[in-house]
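**Student:** This is the structure I want to talk about, given as structure tokens.
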Amino acid sequence: MTTLSHVEALCALEQPYRADAECDRLFDTAMRELVDYHCEHSPGYRRWLEQNGFTPERLAGLSDWSQLPPIFANYFKRKLLLSKTGEDALELTSSGTTGQKSRMRYDERSIGAAQRMVDRIFDHYDWNTPEQPCNYLLLSYEPAGAITLGTAYTDQFLCKYAPVNRAVYALRHNGKGNEFDPFGAVRALQEFAAEGLPVRILGFPAFLWFALERMRDMGLPPLSLHPESLVFLGGGWKTHADKAISKAELYRRLGEQLGLPDERCRDGYGSVEHPVPYVECPNHRFHVPSWARAWARDTATLARLPYGEAGFLHLVSPYITSSPAHSMLLSDLAVLHPAESCGCGLATDWFELLGRAGTSKSRSCAMAASELIKES
């Protein structure tokens with residue numbers, strides 16, 4: 001296996017929100033090392049760079065990685081894009097809520113790097129509690145065979161940070177697919193409250209909201225979950241976007257109905273195309289970890305935007321060797337903000353998500369994005 005010493009050194013950084021000149025230099029050398037790797041090992045990637053005016057000489061001196069031509073995340077809905085190490089690697093897919101699924105391959109080095117990033121963040125927030133068993137409500141798909149869906153794979157992985165006493169799935173497998181079981185979710189919460197162990201609730205926010213609404217509709221009294229319980233959400237509202245409520249309202253209801261303090265309710269952002277973890281700080285902002293960089297790009301011109309302006313989210317991280325997916329332009333709309341504007345004390349920039357562009361196949365992403373920005 002090819003040795004990528006700078007990539008490995010960057011991914012091994014212990015502090016997830018470090019921002020200093022040494023860290024920046026390491027990021028730059030890691031990116032140059034990985035770009036060179038993919039130019040050699042990913043068929044077509046060198047041609048892609050050349051077509052966008054990037055010669056080896058230009059790349060050698062590059063430090064503004066927003067200039068590196070990104071790969072559009074939607075490309076992975078149509079075709080696998082692999083390096084040599086991705087040919088027989090783990091394949092994960094997106095949920096395919098628009099009818100198209102992204103397919104990604106992760107070799108051991110790449111998936112291991114992303115998972116170690118999660119380790120560092122869970123350690124940072126003291127969420128890694130190997131001595132404390134927990135009950136789990138998993139707001140994701142009950143497995144039936146091999147797990148290939150990215151969100152289900154992630155939720156299974158997140159169970160490693162506290163021993164599983166008992167786990168209940170909210171999206172039950174019915175033999176043909178999965179369906180939401182609101183009564184089962186409510187019953188699990190009641191039983192977990194009575195048992196007294198910490199509870200970890202992972203997965204899609206929509207189904208947690210539906211469970212809270214069902215509790216209210218049934219006239220059930222509030223529960224008091226263990227104070228060290230943790231809600232860690234991810235995956236967005238998907239096909240339930242028309243019913244989405246603000247995170248602030250969801251967190252308020254979690255305190256009101258489950259007795260959970262605000263700081264124990266967090267959201268995580270990532271995608272099957274880019275599984276680097278972006279996790280809410282105590283102020284509920286998505287800070288960019290030291291292993292990545294982020295920008296917003298104009299929805300019409302794709303020009304890099306300054307702080308405070310909304311555009312497509314562009315994420316860069318030199319962690320992945322199985323695919324040249326180290327510079328990704330996503331269809332999510334975001335606004336980037338400087339670190340100090342958050343007030344939580346973390347040293348890295350943060351972004352707020354506005355929504356997903358391109359909600360129908362017949363409309364361009366840029367058109368839908370512009371409409372959403374105007375509405376917001």
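Ligands are numbered from 1 in the order shown, chains are lettered A, B, ... in the order of the structure tokens, and residues start at 1 in each chain.
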Using only C-alpha atoms, which residues of stretch 214-284 of chain A come within 12 Å of stretch 326-333 of chain A, and what is the closest atom pair for each, with the distance in Å to one decimal? Give it as CSV, sorted by chain and residue number.
**Tutor:**
```
residue,atom,partner,partner_atom,distance
A:Gly236,CA,A:Asp332,CA,11.0
A:Tyr269,CA,A:Asp332,CA,10.8
A:Gly270,CA,A:Leu330,CA,10.4
A:Ser271,CA,A:Leu330,CA,9.2
A:Val272,CA,A:Leu330,CA,11.1
A:Glu273,CA,A:Met328,CA,7.9
A:His274,CA,A:Met328,CA,7.4
A:Pro275,CA,A:His326,CA,10.8
A:Val276,CA,A:His326,CA,10.3
```
**Student:** Just N, CA and C atoms for this one: save the residues we selected as a tab-separated table (two decimals), in the first residue's frame.
**Tutor:**
```tsv
chain	number	residue	atom	x	y	z
A	236	GLY	N	-31.06	14.56	8.16
A	236	GLY	CA	-32.08	15.51	7.72
A	236	GLY	C	-33.48	14.94	7.75
A	269	TYR	N	-23.70	16.53	10.69
A	269	TYR	CA	-23.86	16.66	9.25
A	269	TYR	C	-22.77	15.87	8.54
A	270	GLY	N	-23.17	15.18	7.51
A	270	GLY	CA	-22.25	14.43	6.66
A	270	GLY	C	-23.05	13.82	5.53
A	271	SER	N	-22.39	13.12	4.67
A	271	SER	CA	-23.09	12.47	3.56
A	271	SER	C	-22.31	11.25	3.15
A	272	VAL	N	-22.94	10.37	2.41
A	272	VAL	CA	-22.24	9.17	1.97
A	272	VAL	C	-21.08	9.54	1.04
A	273	GLU	N	-21.20	10.68	0.34
A	273	GLU	CA	-20.12	11.13	-0.54
A	273	GLU	C	-18.99	11.79	0.23
A	274	HIS	N	-19.30	12.28	1.45
A	274	HIS	CA	-18.30	13.01	2.24
A	274	HIS	C	-18.59	12.76	3.72
A	275	PRO	N	-18.09	11.65	4.29
A	275	PRO	CA	-18.45	11.27	5.65
A	275	PRO	C	-17.61	11.93	6.75
A	276	VAL	N	-16.85	12.96	6.41
A	276	VAL	CA	-16.16	13.71	7.45
A	276	VAL	C	-17.21	14.27	8.41
```
**Student:** Write out as a PyMOL selection string the residues lying within 7 Å of stretch 197-200 of chain A, counting only C-alpha atoms and excluding same-chain residues fewer than 3 positions away.
**Tutor:** chain A and resi 134-137+192+225-226+228-231
**Student:** Any chance you could list, as a list of chain:residue names, the residues in stretch 210-294 of chain A that come up helix (DSSP H, G or I) when DSSP is run on the backbone?
**Tutor:**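 Selecting the helix (DSSP H, G or I) positions of stretch 210-294 of chain A gives A:Phe210, A:Ala211, A:Leu212, A:Glu213, A:Arg214, A:Met215, A:Arg216, A:Asp217, A:Lys238, A:Thr239, A:His240, A:Ala241, A:Asp242, A:Lys243, A:Lys247, A:Ala248, A:Glu249, A:Leu250, A:Tyr251, A:Arg252, A:Arg253, A:Leu254, A:Gly255, A:Glu256, A:Gln257, A:Leu258, A:Asp262, A:Glu263, A:Arg264.
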**Student:** Quick one: residues within 10 Å of A:His38, only C-alpha atoms, excluding same-chain residues fewer than 6 positions away - as a ChimeraX atom specification?
**Tutor:** /A:44-46,82-84,320-326
**Student:** Using only C-alpha atoms, find the one residue out of A:Tyr17, A:Tyr307, A:Tyr251, A:Trp295 that sits nearest to A:Met117.
**Tutor:**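 Among the listed residues, A:Tyr17 lies closest to A:Met117.
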**Student:** Write down as number ranges by chain the residues belonging to stretch 184-289 of chain A that are assigned strand (DSSP E or B) by DSSP computed on the backbone.
**Tutor:** A: 199-203, 230-233, 265-271, 274-280, 286-287
**Student:** Have a look at atom CA of A:Ser102 and atom CA of A:Met31 and let me know their distance in Å, one decimal.
**Tutor:**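 Separation between atom CA of A:Ser102 and atom CA of A:Met31: 24.2 Å.
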**Student:** Within 10 Å of A:Ala60, counting only C-alpha atoms, which residues show up once you throw out same-chain ones fewer than 6 positions away? Write them as a VMD selection string, please.
**Tutor:** chain A and resid 29 32 to 33 35 to 36 54
**Student:** Hey, can you spit out that residue selection with all heavy atoms as a PDB file, in the first residue's frame?
**Tutor:**
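To be explicit, this is the file written out as selection39.pdb:
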```
ATOM      1  N   THR A  29       0.211  20.279   2.788  1.00  0.00           N
ATOM      2  CA  THR A  29       1.071  19.200   2.291  1.00  0.00           C
ATOM      3  C   THR A  29       0.277  17.906   2.105  1.00  0.00           C
ATOM      4  O   THR A  29       0.540  17.143   1.163  1.00  0.00           O
ATOM      5  CB  THR A  29       2.249  18.962   3.254  1.00  0.00           C
ATOM      6  OG1 THR A  29       1.756  18.746   4.584  1.00  0.00           O
ATOM      7  CG2 THR A  29       3.192  20.156   3.257  1.00  0.00           C
ATOM      8  N   ARG A  32      -1.678  18.270  -1.208  1.00  0.00           N
ATOM      9  CA  ARG A  32      -0.816  18.097  -2.378  1.00  0.00           C
ATOM     10  C   ARG A  32      -0.440  16.624  -2.551  1.00  0.00           C
ATOM     11  O   ARG A  32      -0.420  16.108  -3.682  1.00  0.00           O
ATOM     12  CB  ARG A  32       0.437  18.966  -2.235  1.00  0.00           C
ATOM     13  CG  ARG A  32       0.196  20.431  -2.596  1.00  0.00           C
ATOM     14  CD  ARG A  32       1.492  21.200  -2.720  1.00  0.00           C
ATOM     15  NE  ARG A  32       2.032  21.525  -1.411  1.00  0.00           N
ATOM     16  CZ  ARG A  32       1.721  22.616  -0.722  1.00  0.00           C
ATOM     17  NH1 ARG A  32       0.865  23.493  -1.230  1.00  0.00           N
ATOM     18  NH2 ARG A  32       2.259  22.848   0.460  1.00  0.00           N
ATOM     19  N   GLU A  33      -0.158  15.961  -1.454  1.00  0.00           N
ATOM     20  CA  GLU A  33       0.193  14.542  -1.501  1.00  0.00           C
ATOM     21  C   GLU A  33      -0.960  13.712  -2.049  1.00  0.00           C
ATOM     22  O   GLU A  33      -0.761  12.816  -2.884  1.00  0.00           O
ATOM     23  CB  GLU A  33       0.570  14.090  -0.094  1.00  0.00           C
ATOM     24  CG  GLU A  33       1.097  12.676   0.007  1.00  0.00           C
ATOM     25  CD  GLU A  33       1.524  12.358   1.433  1.00  0.00           C
ATOM     26  OE1 GLU A  33       0.640  12.389   2.337  1.00  0.00           O
ATOM     27  OE2 GLU A  33       2.717  12.072   1.649  1.00  0.00           O
ATOM     28  N   VAL A  35      -3.604  14.785  -3.903  1.00  0.00           N
ATOM     29  CA  VAL A  35      -3.883  15.119  -5.308  1.00  0.00           C
ATOM     30  C   VAL A  35      -2.910  14.377  -6.217  1.00  0.00           C
ATOM     31  O   VAL A  35      -3.296  13.809  -7.250  1.00  0.00           O
ATOM     32  CB  VAL A  35      -3.822  16.641  -5.526  1.00  0.00           C
ATOM     33  CG1 VAL A  35      -3.858  16.961  -7.022  1.00  0.00           C
ATOM     34  CG2 VAL A  35      -4.993  17.328  -4.829  1.00  0.00           C
ATOM     35  N   ASP A  36      -1.630  14.361  -5.840  1.00  0.00           N
ATOM     36  CA  ASP A  36      -0.647  13.611  -6.629  1.00  0.00           C
ATOM     37  C   ASP A  36      -1.009  12.130  -6.688  1.00  0.00           C
ATOM     38  O   ASP A  36      -0.891  11.487  -7.740  1.00  0.00           O
ATOM     39  CB  ASP A  36       0.748  13.777  -6.016  1.00  0.00           C
ATOM     40  CG  ASP A  36       1.325  15.172  -6.247  1.00  0.00           C
ATOM     41  OD1 ASP A  36       0.813  15.888  -7.124  1.00  0.00           O
ATOM     42  OD2 ASP A  36       2.283  15.533  -5.529  1.00  0.00           O
ATOM     43  N   PHE A  54      -5.426  23.137 -14.437  1.00  0.00           N
ATOM     44  CA  PHE A  54      -4.533  22.850 -13.320  1.00  0.00           C
ATOM     45  C   PHE A  54      -3.393  21.958 -13.787  1.00  0.00           C
ATOM     46  O   PHE A  54      -3.557  20.753 -13.964  1.00  0.00           O
ATOM     47  CB  PHE A  54      -5.290  22.207 -12.157  1.00  0.00           C
ATOM     48  CG  PHE A  54      -5.937  23.217 -11.264  1.00  0.00           C
ATOM     49  CD1 PHE A  54      -7.108  23.851 -11.649  1.00  0.00           C
ATOM     50  CD2 PHE A  54      -5.354  23.569 -10.056  1.00  0.00           C
ATOM     51  CE1 PHE A  54      -7.707  24.810 -10.841  1.00  0.00           C
ATOM     52  CE2 PHE A  54      -5.932  24.524  -9.247  1.00  0.00           C
ATOM     53  CZ  PHE A  54      -7.102  25.148  -9.632  1.00  0.00           C
TER      54      PHE A  54
END
```
